$ cat work-v9.cif   # mmCIF, C-alpha atoms and all ligand atoms
data_start
#
loop_
_atom_site.label_atom_id
_atom_site.label_comp_id
_atom_site.auth_asym_id
_atom_site.auth_seq_id
_atom_site.Cartn_x
_atom_site.Cartn_y
_atom_site.Cartn_z
CA MET P 1349 0.00 0.00 0.00
CA SER P 1350 1.29 3.48 -0.81
CA LYS P 1351 2.13 5.86 2.01
CA ASN P 1352 -0.58 8.14 3.33
CA ALA P 1353 -0.43 11.82 2.48
CA THR P 1354 -0.66 14.22 5.41
CA PHE P 1355 -3.79 16.30 5.91
CA GLN P 1356 -1.58 19.34 5.20
CA GLU P 1357 -0.56 17.94 1.81
CA ILE P 1358 -4.22 17.31 0.98
CA GLY P 1359 -5.01 20.84 2.21
CA GLN P 1360 -2.39 22.22 -0.18
CA VAL P 1361 -4.13 20.46 -3.09
CA PHE P 1362 -7.38 22.13 -1.96
CA LYS P 1363 -5.64 25.53 -1.90
CA ASP P 1364 -4.01 25.11 -5.29
CA HIS P 1365 -7.16 24.21 -7.25
CA ASP P 1366 -10.65 25.55 -7.87
CA SER P 1367 -12.80 22.78 -9.31
CA PHE P 1368 -13.54 19.51 -7.54
CA VAL P 1369 -15.70 16.43 -7.85
CA VAL P 1370 -16.51 14.32 -4.83
CA VAL P 1371 -17.43 10.78 -5.79
CA SER P 1372 -18.12 7.48 -4.08
CA HIS P 1373 -18.83 3.82 -4.75
CA VAL P 1374 -21.70 2.27 -6.72
CA ARG P 1375 -24.88 1.58 -4.73
CA PRO P 1376 -23.90 4.25 -2.24
CA ASP P 1377 -24.66 3.80 1.46
CA GLY P 1378 -24.86 6.39 4.24
CA ASP P 1379 -21.10 6.66 4.59
CA ALA P 1380 -20.63 7.16 0.85
CA ILE P 1381 -23.26 9.89 0.45
CA GLY P 1382 -22.57 11.45 3.87
CA SER P 1383 -18.84 11.68 3.18
CA ILE P 1384 -19.17 13.33 -0.24
CA LEU P 1385 -21.74 15.82 1.07
CA ALA P 1386 -19.67 16.68 4.15
CA LEU P 1387 -16.37 17.25 2.37
CA GLY P 1388 -17.91 18.81 -0.73
CA HIS P 1389 -19.80 21.32 1.33
CA ALA P 1390 -16.70 22.22 3.35
CA LEU P 1391 -14.91 22.92 0.04
CA GLU P 1392 -17.82 25.03 -1.19
CA GLY P 1393 -17.50 26.93 2.09
CA ILE P 1394 -14.02 28.12 1.06
CA GLY P 1395 -15.22 29.16 -2.39
CA LYS P 1396 -14.47 26.07 -4.44
CA THR P 1397 -16.63 24.74 -7.25
CA VAL P 1398 -17.84 21.26 -6.33
CA ARG P 1399 -19.86 18.62 -8.13
CA TYR P 1400 -21.25 15.66 -6.26
CA LEU P 1401 -21.25 12.51 -8.37
CA ASN P 1402 -22.29 8.95 -7.98
CA GLU P 1403 -23.00 6.17 -10.45
CA ASP P 1404 -26.48 5.65 -8.95
CA GLY P 1405 -27.34 9.08 -7.51
CA CYS P 1406 -28.61 9.50 -3.96
CA PRO P 1407 -30.74 6.60 -2.65
CA GLU P 1408 -34.30 7.40 -1.57
CA SER P 1409 -33.45 6.54 2.05
CA LEU P 1410 -30.93 9.39 2.25
CA VAL P 1411 -32.74 12.22 0.46
CA PHE P 1412 -33.62 13.71 3.86
CA LEU P 1413 -29.98 14.83 4.13
CA PRO P 1414 -29.75 18.53 3.39
CA GLY P 1415 -27.65 19.04 0.27
CA SER P 1416 -28.43 15.57 -1.11
CA GLU P 1417 -30.29 17.19 -4.03
CA LYS P 1418 -26.85 18.17 -5.35
CA VAL P 1419 -25.87 14.53 -5.94
CA GLU P 1420 -25.85 13.85 -9.68
CA ILE P 1421 -25.92 10.53 -11.55
CA SER P 1422 -22.54 10.39 -13.29
CA SER P 1423 -23.86 9.07 -16.61
CA LYS P 1424 -26.34 11.97 -16.79
CA ALA P 1425 -24.00 14.68 -15.52
CA GLY P 1426 -22.98 15.94 -18.98
CA PRO P 1427 -19.49 17.36 -19.45
CA VAL P 1428 -17.59 17.62 -16.18
CA GLU P 1429 -14.57 19.94 -16.19
CA VAL P 1430 -12.59 19.12 -13.11
CA GLU P 1431 -9.12 19.62 -11.71
CA VAL P 1432 -9.35 17.42 -8.61
CA ALA P 1433 -11.39 14.23 -8.11
CA ILE P 1434 -11.84 13.06 -4.53
CA CYS P 1435 -12.93 9.43 -4.12
CA LEU P 1436 -14.45 8.75 -0.72
CA ASP P 1437 -15.26 5.43 0.97
CA THR P 1438 -14.27 3.62 -2.24
CA ALA P 1439 -12.04 0.59 -1.64
CA ALA P 1440 -11.02 0.08 -5.27
CA HIS P 1441 -10.75 2.61 -8.11
CA SER P 1442 -13.21 0.66 -10.27
CA ARG P 1443 -15.85 0.60 -7.46
CA VAL P 1444 -16.88 4.15 -8.51
CA GLY P 1445 -18.55 2.60 -11.58
CA GLU P 1446 -17.99 3.13 -15.30
CA ALA P 1447 -19.22 6.68 -15.90
CA SER P 1448 -17.70 7.97 -12.66
CA PHE P 1449 -14.42 6.24 -13.50
CA ALA P 1450 -14.11 8.21 -16.74
CA ILE P 1451 -14.74 11.48 -14.87
CA VAL P 1452 -12.22 10.63 -12.12
CA ASN P 1453 -9.63 9.76 -14.78
CA SER P 1454 -10.10 13.10 -16.52
CA ALA P 1455 -9.00 14.96 -13.37
CA LYS P 1456 -5.46 16.28 -12.98
CA VAL P 1457 -5.24 15.05 -9.40
CA VAL P 1458 -6.99 12.13 -7.67
CA ILE P 1459 -7.38 12.09 -3.88
CA ASN P 1460 -8.44 8.80 -2.28
CA ILE P 1461 -9.86 8.97 1.25
CA ASP P 1462 -11.12 5.72 2.73
CA HIS P 1463 -11.24 3.33 5.68
CA HIS P 1464 -11.15 -0.04 3.88
CA ILE P 1465 -8.09 -2.11 4.72
CA SER P 1466 -8.13 -3.57 1.19
CA ASN P 1467 -7.75 -0.13 -0.45
CA PRO P 1468 -4.54 -0.29 -2.53
CA GLY P 1469 -3.99 3.49 -2.53
CA TYR P 1470 -4.92 4.25 -6.16
CA GLY P 1471 -4.90 8.05 -5.78
CA ASP P 1472 -2.15 10.62 -6.33
CA PHE P 1473 -2.80 11.48 -2.69
CA ASN P 1474 -4.14 8.76 -0.40
CA PHE P 1475 -5.44 8.80 3.11
CA ILE P 1476 -6.47 5.30 4.19
CA ASP P 1477 -7.23 4.79 7.86
CA ASP P 1478 -8.67 1.36 8.57
CA SER P 1479 -8.90 2.18 12.30
CA SER P 1480 -11.64 4.64 11.47
CA PRO P 1481 -15.10 2.99 11.57
CA ALA P 1482 -16.43 5.29 8.85
CA THR P 1483 -14.99 7.47 6.11
CA GLY P 1484 -17.20 10.20 7.61
CA GLN P 1485 -15.00 10.20 10.70
CA ILE P 1486 -11.87 10.76 8.55
CA VAL P 1487 -13.65 13.61 6.76
CA TYR P 1488 -14.47 15.15 10.14
CA ASN P 1489 -10.79 14.94 11.18
CA LEU P 1490 -9.70 16.44 7.87
CA ILE P 1491 -12.17 19.33 8.13
CA LYS P 1492 -11.05 20.01 11.71
CA ALA P 1493 -7.31 19.72 10.93
CA LEU P 1494 -7.56 22.12 7.99
CA ASP P 1495 -9.95 24.44 9.81
CA LEU P 1496 -12.51 24.18 6.99
CA PRO P 1497 -16.05 25.38 7.68
CA LEU P 1498 -18.26 22.75 9.33
CA SER P 1499 -21.72 23.76 8.11
CA GLU P 1500 -25.02 22.21 9.17
CA ILE P 1501 -24.91 20.12 5.99
CA SER P 1502 -21.45 18.77 6.81
CA ARG P 1503 -22.40 18.24 10.45
CA ASP P 1504 -25.51 16.18 9.69
CA SER P 1505 -23.78 14.27 6.88
CA ILE P 1506 -20.83 13.25 9.05
CA TYR P 1507 -23.21 12.05 11.75
CA VAL P 1508 -25.28 9.93 9.35
CA ALA P 1509 -22.16 8.59 7.59
CA THR P 1510 -20.72 7.41 10.89
CA SER P 1511 -23.97 6.26 12.48
CA THR P 1512 -24.90 4.08 9.49
CA ASP P 1513 -21.41 2.53 9.17
CA THR P 1514 -21.19 1.70 12.89
CA GLY P 1515 -24.70 0.22 13.30
CA SER P 1516 -25.72 3.31 15.31
CA PHE P 1517 -22.40 3.58 17.18
CA GLN P 1518 -22.53 -0.09 18.23
CA TYR P 1519 -19.97 -2.07 16.18
CA PRO P 1520 -16.61 -2.91 17.77
CA GLY P 1521 -14.80 -0.53 15.40
CA THR P 1522 -16.52 2.40 17.11
CA THR P 1523 -13.81 4.34 18.97
CA GLN P 1524 -13.58 6.86 21.78
CA GLN P 1525 -12.98 9.46 19.12
CA THR P 1526 -16.22 8.45 17.36
CA TYR P 1527 -18.20 9.34 20.49
CA GLU P 1528 -16.19 12.53 21.04
CA MET P 1529 -16.89 13.51 17.45
CA ALA P 1530 -20.61 12.79 17.91
CA ALA P 1531 -20.61 14.93 21.07
CA ASP P 1532 -18.96 17.76 19.14
CA LEU P 1533 -21.58 17.47 16.38
CA VAL P 1534 -24.33 17.65 19.01
CA SER P 1535 -22.66 20.73 20.51
CA LEU P 1536 -22.84 22.27 17.02
CA GLY P 1537 -26.62 21.91 17.09
CA LEU P 1538 -27.26 18.44 15.63
CA ASN P 1539 -30.76 17.26 16.53
CA VAL P 1540 -30.10 13.63 17.54
CA GLY P 1541 -33.74 12.54 17.92
CA GLU P 1542 -34.80 13.99 14.59
CA ILE P 1543 -31.86 12.74 12.54
CA ASN P 1544 -32.07 9.21 13.99
CA GLN P 1545 -35.78 9.08 13.25
CA LEU P 1546 -35.17 10.18 9.67
CA THR P 1547 -32.37 7.63 9.31
CA TYR P 1548 -33.93 4.60 11.00
CA ASP P 1549 -37.67 5.02 11.58
CA ASN P 1550 -38.75 6.01 8.13
CA GLN P 1551 -39.06 2.80 6.11
CA PRO P 1552 -41.35 2.47 3.11
CA PHE P 1553 -43.81 -0.41 3.56
CA ARG P 1554 -42.26 -2.39 0.69
CA LYS P 1555 -39.18 -2.84 2.90
CA VAL P 1556 -41.31 -4.56 5.52
CA GLU P 1557 -42.62 -6.81 2.74
CA LEU P 1558 -39.00 -7.51 1.84
CA MET P 1559 -38.26 -8.40 5.46
CA ARG P 1560 -41.16 -10.87 5.42
CA ALA P 1561 -39.86 -12.49 2.22
CA LEU P 1562 -36.34 -12.72 3.60
CA LEU P 1563 -37.50 -14.27 6.87
CA ASN P 1564 -39.34 -16.90 4.86
CA ALA P 1565 -36.05 -17.70 3.09
CA LEU P 1566 -33.99 -17.88 6.30
CA GLU P 1567 -31.77 -20.94 6.78
CA ARG P 1568 -29.30 -21.85 9.50
CA SER P 1569 -26.48 -24.38 9.74
CA ASP P 1570 -27.01 -27.34 12.09
CA ASP P 1571 -24.66 -25.84 14.68
CA GLY P 1572 -26.46 -22.49 14.45
CA ARG P 1573 -23.24 -20.61 13.66
CA VAL P 1574 -24.13 -19.63 10.10
CA ALA P 1575 -27.39 -18.01 9.02
CA TRP P 1576 -28.26 -17.00 5.48
CA TRP P 1577 -31.11 -15.94 3.31
CA HIS P 1578 -31.59 -14.95 -0.31
CA LEU P 1579 -33.53 -12.59 -2.51
CA THR P 1580 -34.62 -13.52 -6.01
CA ASN P 1581 -35.40 -11.26 -8.96
CA GLU P 1582 -38.96 -12.56 -8.76
CA THR P 1583 -39.41 -11.26 -5.20
CA LYS P 1584 -37.81 -7.94 -6.14
CA GLU P 1585 -40.32 -7.54 -8.93
CA GLU P 1586 -43.26 -8.64 -6.81
CA HIS P 1587 -42.65 -5.90 -4.23
CA GLN P 1588 -41.23 -3.32 -6.66
CA LEU P 1589 -38.00 -3.19 -4.65
CA ILE P 1590 -35.17 -0.80 -5.44
CA ALA P 1591 -31.45 -1.53 -5.01
CA ASP P 1592 -31.13 0.35 -1.73
CA ASP P 1593 -33.99 -1.51 0.00
CA THR P 1594 -31.80 -4.38 1.21
CA GLU P 1595 -29.41 -2.03 3.05
CA GLY P 1596 -29.07 -3.07 6.68
CA MET P 1597 -31.40 -6.10 6.43
CA ILE P 1598 -28.54 -8.50 7.15
CA ASP P 1599 -28.34 -7.07 10.67
CA ILE P 1600 -31.52 -9.00 11.47
CA ILE P 1601 -29.82 -12.39 11.02
CA ARG P 1602 -26.48 -11.15 12.35
CA SER P 1603 -28.28 -10.42 15.62
CA ILE P 1604 -29.36 -14.05 16.20
CA LYS P 1605 -27.77 -15.59 19.30
CA GLY P 1606 -25.08 -18.12 18.33
CA VAL P 1607 -24.72 -16.85 14.78
CA VAL P 1608 -21.10 -16.08 13.95
CA ILE P 1609 -21.47 -15.47 10.21
CA ALA P 1610 -24.51 -14.02 8.45
CA VAL P 1611 -24.77 -14.09 4.67
CA PHE P 1612 -27.17 -12.52 2.24
CA PHE P 1613 -27.39 -13.71 -1.39
CA GLU P 1614 -29.12 -11.49 -3.90
CA GLU P 1615 -29.83 -12.11 -7.56
CA LEU P 1616 -28.74 -9.21 -9.75
CA ASP P 1617 -29.22 -8.62 -13.47
CA GLU P 1618 -27.24 -10.62 -16.04
CA GLY P 1619 -26.99 -13.69 -13.82
CA LYS P 1620 -24.74 -12.01 -11.25
CA ILE P 1621 -25.06 -12.62 -7.52
CA ARG P 1622 -24.38 -10.07 -4.81
CA VAL P 1623 -23.11 -11.54 -1.58
CA SER P 1624 -23.15 -9.56 1.64
CA MET P 1625 -21.37 -11.06 4.64
CA ARG P 1626 -21.08 -10.18 8.34
CA SER P 1627 -18.99 -11.77 11.09
CA LYS P 1628 -19.34 -11.42 14.84
CA ASP P 1629 -15.98 -13.05 15.56
CA LYS P 1630 -12.70 -11.45 14.55
CA CYS P 1631 -11.21 -14.95 14.03
CA ILE P 1632 -13.51 -15.36 11.02
CA ASN P 1633 -12.46 -12.68 8.56
CA CYS P 1634 -15.16 -11.74 6.02
CA SER P 1635 -12.79 -9.68 3.89
CA GLU P 1636 -10.51 -12.70 3.42
CA LEU P 1637 -13.44 -15.04 2.77
CA CYS P 1638 -14.92 -12.67 0.20
CA GLY P 1639 -11.45 -12.14 -1.27
CA ILE P 1640 -11.42 -15.81 -2.33
CA PHE P 1641 -14.20 -14.91 -4.78
CA GLY P 1642 -12.81 -11.51 -5.87
CA GLY P 1643 -14.72 -9.44 -3.29
CA GLY P 1644 -13.48 -7.52 -0.27
CA GLY P 1645 -14.36 -5.09 2.49
CA HIS P 1646 -13.67 -5.18 6.21
CA ALA P 1647 -12.93 -8.04 8.63
CA LEU P 1648 -16.47 -7.97 10.03
CA ALA P 1649 -18.40 -6.75 6.95
CA ALA P 1650 -17.59 -7.55 3.35
CA GLY P 1651 -19.13 -8.43 0.03
CA ILE P 1652 -18.74 -10.06 -3.38
CA ARG P 1653 -20.19 -9.75 -6.86
CA MET P 1654 -19.93 -13.19 -8.43
CA THR P 1655 -21.39 -15.25 -11.22
CA GLY P 1656 -24.52 -17.25 -10.53
CA PRO P 1657 -26.77 -19.03 -10.56
CA LEU P 1658 -27.82 -18.41 -6.98
CA GLU P 1659 -27.64 -22.04 -5.81
CA VAL P 1660 -24.10 -22.47 -7.17
CA ALA P 1661 -22.79 -19.21 -5.68
CA ARG P 1662 -24.44 -20.05 -2.38
CA SER P 1663 -22.98 -23.54 -2.07
CA LYS P 1664 -19.47 -22.30 -2.99
CA VAL P 1665 -19.53 -19.48 -0.43
CA LEU P 1666 -21.10 -21.58 2.33
CA ALA P 1667 -18.47 -24.29 1.79
CA LYS P 1668 -15.64 -21.77 2.32
CA ILE P 1669 -17.37 -20.42 5.42
CA ARG P 1670 -17.66 -23.94 6.80
CA GLU P 1671 -13.92 -24.50 6.20
CA ALA P 1672 -13.08 -21.21 7.96
CA ILE P 1673 -15.27 -22.04 10.93
CA ASN P 1674 -13.89 -25.59 11.26
CA SER P 1675 -10.29 -24.37 11.14
CA SER P 1676 -10.93 -21.64 13.73
CA LEU P 1677 -12.43 -24.02 16.30
P1 LIG P 1701 -22.42 -4.48 2.11
O1 LIG P 1701 -22.51 -5.89 2.54
O2 LIG P 1701 -23.06 -3.56 3.09
O3 LIG P 1701 -22.84 -4.27 0.68
O4 LIG P 1701 -20.88 -4.12 2.13
C1 LIG P 1701 -20.09 -4.33 3.26
C2 LIG P 1701 -18.67 -3.91 2.99
O5 LIG P 1701 -18.08 -4.75 2.00
C3 LIG P 1701 -18.55 -2.50 2.47
O6 LIG P 1701 -17.49 -1.89 3.16
C4 LIG P 1701 -18.22 -2.64 1.00
O7 LIG P 1701 -17.35 -1.67 0.59
C5 LIG P 1701 -17.61 -4.01 0.89
N1 LIG P 1701 -18.10 -4.66 -0.32
C6 LIG P 1701 -19.37 -5.00 -0.60
N2 LIG P 1701 -19.46 -5.59 -1.80
C7 LIG P 1701 -18.22 -5.63 -2.30
C8 LIG P 1701 -17.65 -6.13 -3.54
O8 LIG P 1701 -18.32 -6.66 -4.41
N3 LIG P 1701 -16.31 -5.98 -3.69
C9 LIG P 1701 -15.52 -5.41 -2.74
N4 LIG P 1701 -14.21 -5.30 -2.98
N5 LIG P 1701 -16.02 -4.94 -1.58
C10 LIG P 1701 -17.35 -5.04 -1.36
MN MN P 1702 -17.70 3.17 4.85
#

$ encode --input "work-v9.cif" --output "structure tokens"
Amino acid sequence: MSKNATFQEIGQVFKDHDSFVVVSHVRPDGDAIGSILALGHALEGIGKTVRYLNEDGCPESLVFLPGSEKVEISSKAGPVEVEVAICLDTAAHSRVGEASFAIVNSAKVVINIDHHISNPGYGDFNFIDDSSPATGQIVYNLIKALDLPLSEISRDSIYVATSTDTGSFQYPGTTQQTYEMAADLVSLGLNVGEINQLTYDNQPFRKVELMRALLNALERSDDGRVAWWHLTNETKEEHQLIADDTEGMIDIIRSIKGVVIAVFFEELDEGKIRVSMRSKDKCINCSELCGIFGGGGHALAAGIRMTGPLEVARSKVLAKIREAINSSL
């Protein structure tokens, strides 16, 4: 992995240029959207021109974030003249998606800010901190270190980025600094009750229908250590689901007592399968398991895109999980 730049070096790039794009990974989650909004708005606050790009736009579940209306779909963004592209929360260069990739490559300078251990450091300037539970927390540190303006938009975005990537400040990666940061955001006027309600208690009914379908598909290994479920294209069509609807659902089976590994298999277009994996035991590393099939992520949360059909992908992945569990006993 290449050496991290200092915040000061990144700050110098900010000073030396005027036009920026902030971009994140395909199928963006709260950390992806929150991080681009927070940093982009801080740059706008010092007079920079910023465009907010994502392959898929802003998911419906995050449109309550102020400033989210600025997020453009890369393939529909038209010509983008940009000096600096900043990739946030994006473990691999290609994870920005095709149209975003072309825009990032047209920039003079690429900055890569992320918290995925698997990030190879593909930017001209990289800041990868895998001890940070969310990219939003790195963005907060950067804004503070460079004394950039922390507007209400940046404040709320950092909170949602970090809250969603830490399972509401619960996962083991959550640090003392995460709570100190949250306290600082509250001191800046963040309305905790309101933002948590908008983030977590605001589900469209079709997501409850999805939950019902997933529960009907739930399976568990004989020893109760592995739980998995799947989602077919047929069910997606039946309930008119959108890509973002499955976000966070895996936490339901992860929470089962005795379960060490939870896995979610989802049919995608063109025969591809999306695998989402969670571990509750640091001896069973999801990132390594997913890496076997070309995926990646974090030790306790990772994913894969692999070829189907569903049954074949499922039996291959479950077999590797079984091996990992047996060898860790
Ligand atoms: P999720 O299961 O929520 O989609 O993703 C969990 C974590 O795994 C995220 O940090 C995400 O970046 C990573 N991840 C998910 N899918 C993939 C994938 O197909 N390839 C890689 N390299 N990482 C993934
Ligand atoms: Mn993240």

$ residues_around --input "work-v9.cif" --residues "region 1674-1677 of chain P" --least-positions-apart "4" --cutoff "10 Å" --atoms "all atoms listed in the file" --output "ChimeraX atom specification"
/P:1631-1632,1668-1670

$ atom_distance --input "work-v9.cif" --atom1 "CA of Tyr1548 (chain P)" --atom2 "CA of Ser1383 (chain P)"
18.4 Å

$ residues_near_ligand --input "work-v9.cif" --ligand "ligand LIG 1701 (chain P)" --cutoff "6 Å" --atoms "only C-alpha atoms and all ligand atoms" --output "list of chain:residue names"
P:Ser1624, P:Met1625, P:Gly1643, P:Gly1644, P:Gly1645, P:His1646, P:Ala1649, P:Ala1650, P:Gly1651, P:Ile1652, P:Arg1653

$ atom_distance --input "work-v9.cif" --atom1 "CA of His1578 (chain P)" --atom2 "CA of Gly1405 (chain P)"
25.4 Å

$ residues_near_ligand --input "work-v9.cif" --ligand "ligand MN 1702 (chain P)" --cutoff "7 Å" --atoms "all atoms listed in the file" --output "MDAnalysis selection string"
chainID P and resid 1379:1380 1437 1463 1482:1483 1513

$ atom_distance --input "work-v9.cif" --atom1 "CA of Pro1657 (chain P)" --atom2 "CA of Val1611 (chain P)"
16.1 Å

$ residues_around --input "work-v9.cif" --residues "Leu1648 (chain P)" --least-positions-apart "3" --cutoff "10 Å" --atoms "only C-alpha atoms" --output "list in words"
Tyr1519, Pro1520, Gly1521, Ile1609, Met1625, Arg1626, Ser1627, Lys1628, Asp1629, Lys1630, Cys1631, Ile1632, Asn1633, Cys1634, Ser1635 and Gly1645 of chain P

$ closest_atom_pairs --input "work-v9.cif" --of "region 1387-1408 of chain P" --to "region 1504-1511 of chain P" --cutoff "12 Å" --atoms "only C-alpha atoms" --output "tab-separated table"
residue	atom	partner	partner_atom	distance
P:Leu1387	CA	P:Ile1506	CA	9.0
P:Gly1388	CA	P:Ser1505	CA	10.6
P:His1389	CA	P:Ser1505	CA	9.8
P:Ala1390	CA	P:Ser1505	CA	11.2

$ residues_around --input "work-v9.cif" --residues "Lys1424 (chain P)" --least-positions-apart "6" --cutoff "10 Å" --atoms "only C-alpha atoms" --output "PDB file with C-alpha atoms, in the coordinates of the input"
ATOM      1  CA  LEU P1401     -21.250  12.510  -8.370  1.00  0.00           C
ATOM      2  CA  GLU P1403     -23.000   6.170 -10.450  1.00  0.00           C
ATOM      3  CA  GLY P1405     -27.340   9.080  -7.510  1.00  0.00           C
ATOM      4  CA  ALA P1447     -19.220   6.680 -15.900  1.00  0.00           C
TER       5      ALA P1447
END

$ axis_aligned_box --input "work-v9.cif" --around "region 1546-1564 of chain P" --padding-each-side "4 Å" --output "lines of an AutoDock Vina configuration file"
center_x = -38.1
center_y = -3.4
center_z = 6.1
size_x = 19.4
size_y = 35.1
size_z = 18.9

$ closest_residue --input "work-v9.cif" --among "P:Ile1358, P:Leu1490, P:Ile1501, P:Met1654" --to "Asn1474 (chain P)" --atoms "only C-alpha atoms"
P:Ile1358

$ closest_residue --input "work-v9.cif" --among "P:Ala1450, P:Ile1543, P:Ile1486, P:Leu1616" --to "Met1529 (chain P)" --atoms "all atoms listed in the file"
P:Ile1486

$ closest_residue --input "work-v9.cif" --among "P:His1587, P:Arg1602, P:Lys1555, P:Lys1492" --to "Phe1355 (chain P)" --atoms "all atoms listed in the file"
P:Lys1492

$ closest_residue --input "work-v9.cif" --among "P:Ile1434, P:Leu1533, P:Ile1598, P:Ala1386" --to "Leu1563 (chain P)" --atoms "only C-alpha atoms"
P:Ile1598

$ residues_around --input "work-v9.cif" --residues "Gln1356 (chain P)" --least-positions-apart "2" --cutoff "12 Å" --atoms "only C-alpha atoms" --output "list in words"
Asn1352, Ala1353, Thr1354, Ile1358, Gly1359, Gln1360, Val1361, Phe1362, Lys1363, Phe1473, Phe1475, Asn1489, Leu1490, Ile1491, Lys1492, Ala1493, Leu1494 and Asp1495 of chain P

$ closest_residue --input "work-v9.cif" --among "P:Gly1537, P:Gly1596, P:Gly1619, P:Pro1552" --to "Glu1408 (chain P)" --atoms "all atoms listed in the file"
P:Pro1552

$ closest_residue --input "work-v9.cif" --among "P:Asn1564, P:Ser1422, P:Ser1479, P:Asn1467" --to "Glu1446 (chain P)" --atoms "all atoms listed in the file"
P:Ser1422

$ residues_around --input "work-v9.cif" --residues "Leu1666 (chain P)" --least-positions-apart "2" --cutoff "12 Å" --atoms "all atoms listed in the file" --output "ChimeraX atom specification"
/P:1567-1569,1573-1577,1609-1613,1623,1625,1637-1638,1641,1658-1664,1668-1673

$ write_last_selection --input "work-v9.cif" --atoms "C-alpha atoms" --output "PDB file, in the frame of the given file"
ATOM      1  CA  GLU P1567     -31.770 -20.940   6.780  1.00  0.00           C
ATOM      2  CA  ARG P1568     -29.300 -21.850   9.500  1.00  0.00           C
ATOM      3  CA  SER P1569     -26.480 -24.380   9.740  1.00  0.00           C
ATOM      4  CA  ARG P1573     -23.240 -20.610  13.660  1.00  0.00           C
ATOM      5  CA  VAL P1574     -24.130 -19.630  10.100  1.00  0.00           C
ATOM      6  CA  ALA P1575     -27.390 -18.010   9.020  1.00  0.00           C
ATOM      7  CA  TRP P1576     -28.260 -17.000   5.480  1.00  0.00           C
ATOM      8  CA  TRP P1577     -31.110 -15.940   3.310  1.00  0.00           C
ATOM      9  CA  ILE P1609     -21.470 -15.470  10.210  1.00  0.00           C
ATOM     10  CA  ALA P1610     -24.510 -14.020   8.450  1.00  0.00           C
ATOM     11  CA  VAL P1611     -24.770 -14.090   4.670  1.00  0.00           C
ATOM     12  CA  PHE P1612     -27.170 -12.520   2.240  1.00  0.00           C
ATOM     13  CA  PHE P1613     -27.390 -13.710  -1.390  1.00  0.00           C
ATOM     14  CA  VAL P1623     -23.110 -11.540  -1.580  1.00  0.00           C
ATOM     15  CA  MET P1625     -21.370 -11.060   4.640  1.00  0.00           C
ATOM     16  CA  LEU P1637     -13.440 -15.040   2.770  1.00  0.00           C
ATOM     17  CA  CYS P1638     -14.920 -12.670   0.200  1.00  0.00           C
ATOM     18  CA  PHE P1641     -14.200 -14.910  -4.780  1.00  0.00           C
ATOM     19  CA  LEU P1658     -27.820 -18.410  -6.980  1.00  0.00           C
ATOM     20  CA  GLU P1659     -27.640 -22.040  -5.810  1.00  0.00           C
ATOM     21  CA  VAL P1660     -24.100 -22.470  -7.170  1.00  0.00           C
ATOM     22  CA  ALA P1661     -22.790 -19.210  -5.680  1.00  0.00           C
ATOM     23  CA  ARG P1662     -24.440 -20.050  -2.380  1.00  0.00           C
ATOM     24  CA  SER P1663     -22.980 -23.540  -2.070  1.00  0.00           C
ATOM     25  CA  LYS P1664     -19.470 -22.300  -2.990  1.00  0.00           C
ATOM     26  CA  LYS P1668     -15.640 -21.770   2.320  1.00  0.00           C
ATOM     27  CA  ILE P1669     -17.370 -20.420   5.420  1.00  0.00           C
ATOM     28  CA  ARG P1670     -17.660 -23.940   6.800  1.00  0.00           C
ATOM     29  CA  GLU P1671     -13.920 -24.500   6.200  1.00  0.00           C
ATOM     30  CA  ALA P1672     -13.080 -21.210   7.960  1.00  0.00           C
ATOM     31  CA  ILE P1673     -15.270 -22.040  10.930  1.00  0.00           C
TER      32      ILE P1673
END

$ residues_near_point --input "work-v9.cif" --point "(-19.9, 3.0, -1.2)" --cutoff "9 Å" --atoms "all atoms listed in the file" --output "ChimeraX atom specification"
/P:1372-1381,1436-1439,1443-1444

$ build_atoms --input "work-v9.cif" --residues "region 1475-1480 of chain P" --atoms "N, CA, C and O atoms" --output "short mmCIF file (atom, residue, chain, number, x, y, z; two decimals), keeping the file's coordinate frame"
data_model
loop_
_atom_site.label_atom_id
_atom_site.label_comp_id
_atom_site.auth_asym_id
_atom_site.auth_seq_id
_atom_site.Cartn_x
_atom_site.Cartn_y
_atom_site.Cartn_z
N PHE P 1475 -5.37 8.83 1.65
CA PHE P 1475 -5.44 8.80 3.11
C PHE P 1475 -6.34 7.63 3.49
O PHE P 1475 -7.57 7.73 3.43
N ILE P 1476 -5.72 6.51 3.85
CA ILE P 1476 -6.47 5.30 4.19
C ILE P 1476 -6.26 5.03 5.68
O ILE P 1476 -5.12 4.84 6.11
N ASP P 1477 -7.34 5.05 6.42
CA ASP P 1477 -7.23 4.79 7.86
C ASP P 1477 -8.23 3.70 8.23
O ASP P 1477 -9.41 3.98 8.44
N ASP P 1478 -7.74 2.46 8.30
CA ASP P 1478 -8.67 1.36 8.57
C ASP P 1478 -9.04 1.29 10.06
O ASP P 1478 -9.88 0.47 10.43
N SER P 1479 -8.47 2.15 10.89
CA SER P 1479 -8.90 2.18 12.30
C SER P 1479 -10.10 3.09 12.47
O SER P 1479 -10.68 3.18 13.56
N SER P 1480 -10.48 3.76 11.41
CA SER P 1480 -11.64 4.64 11.47
C SER P 1480 -12.89 3.84 11.07
O SER P 1480 -12.90 3.20 10.03
#
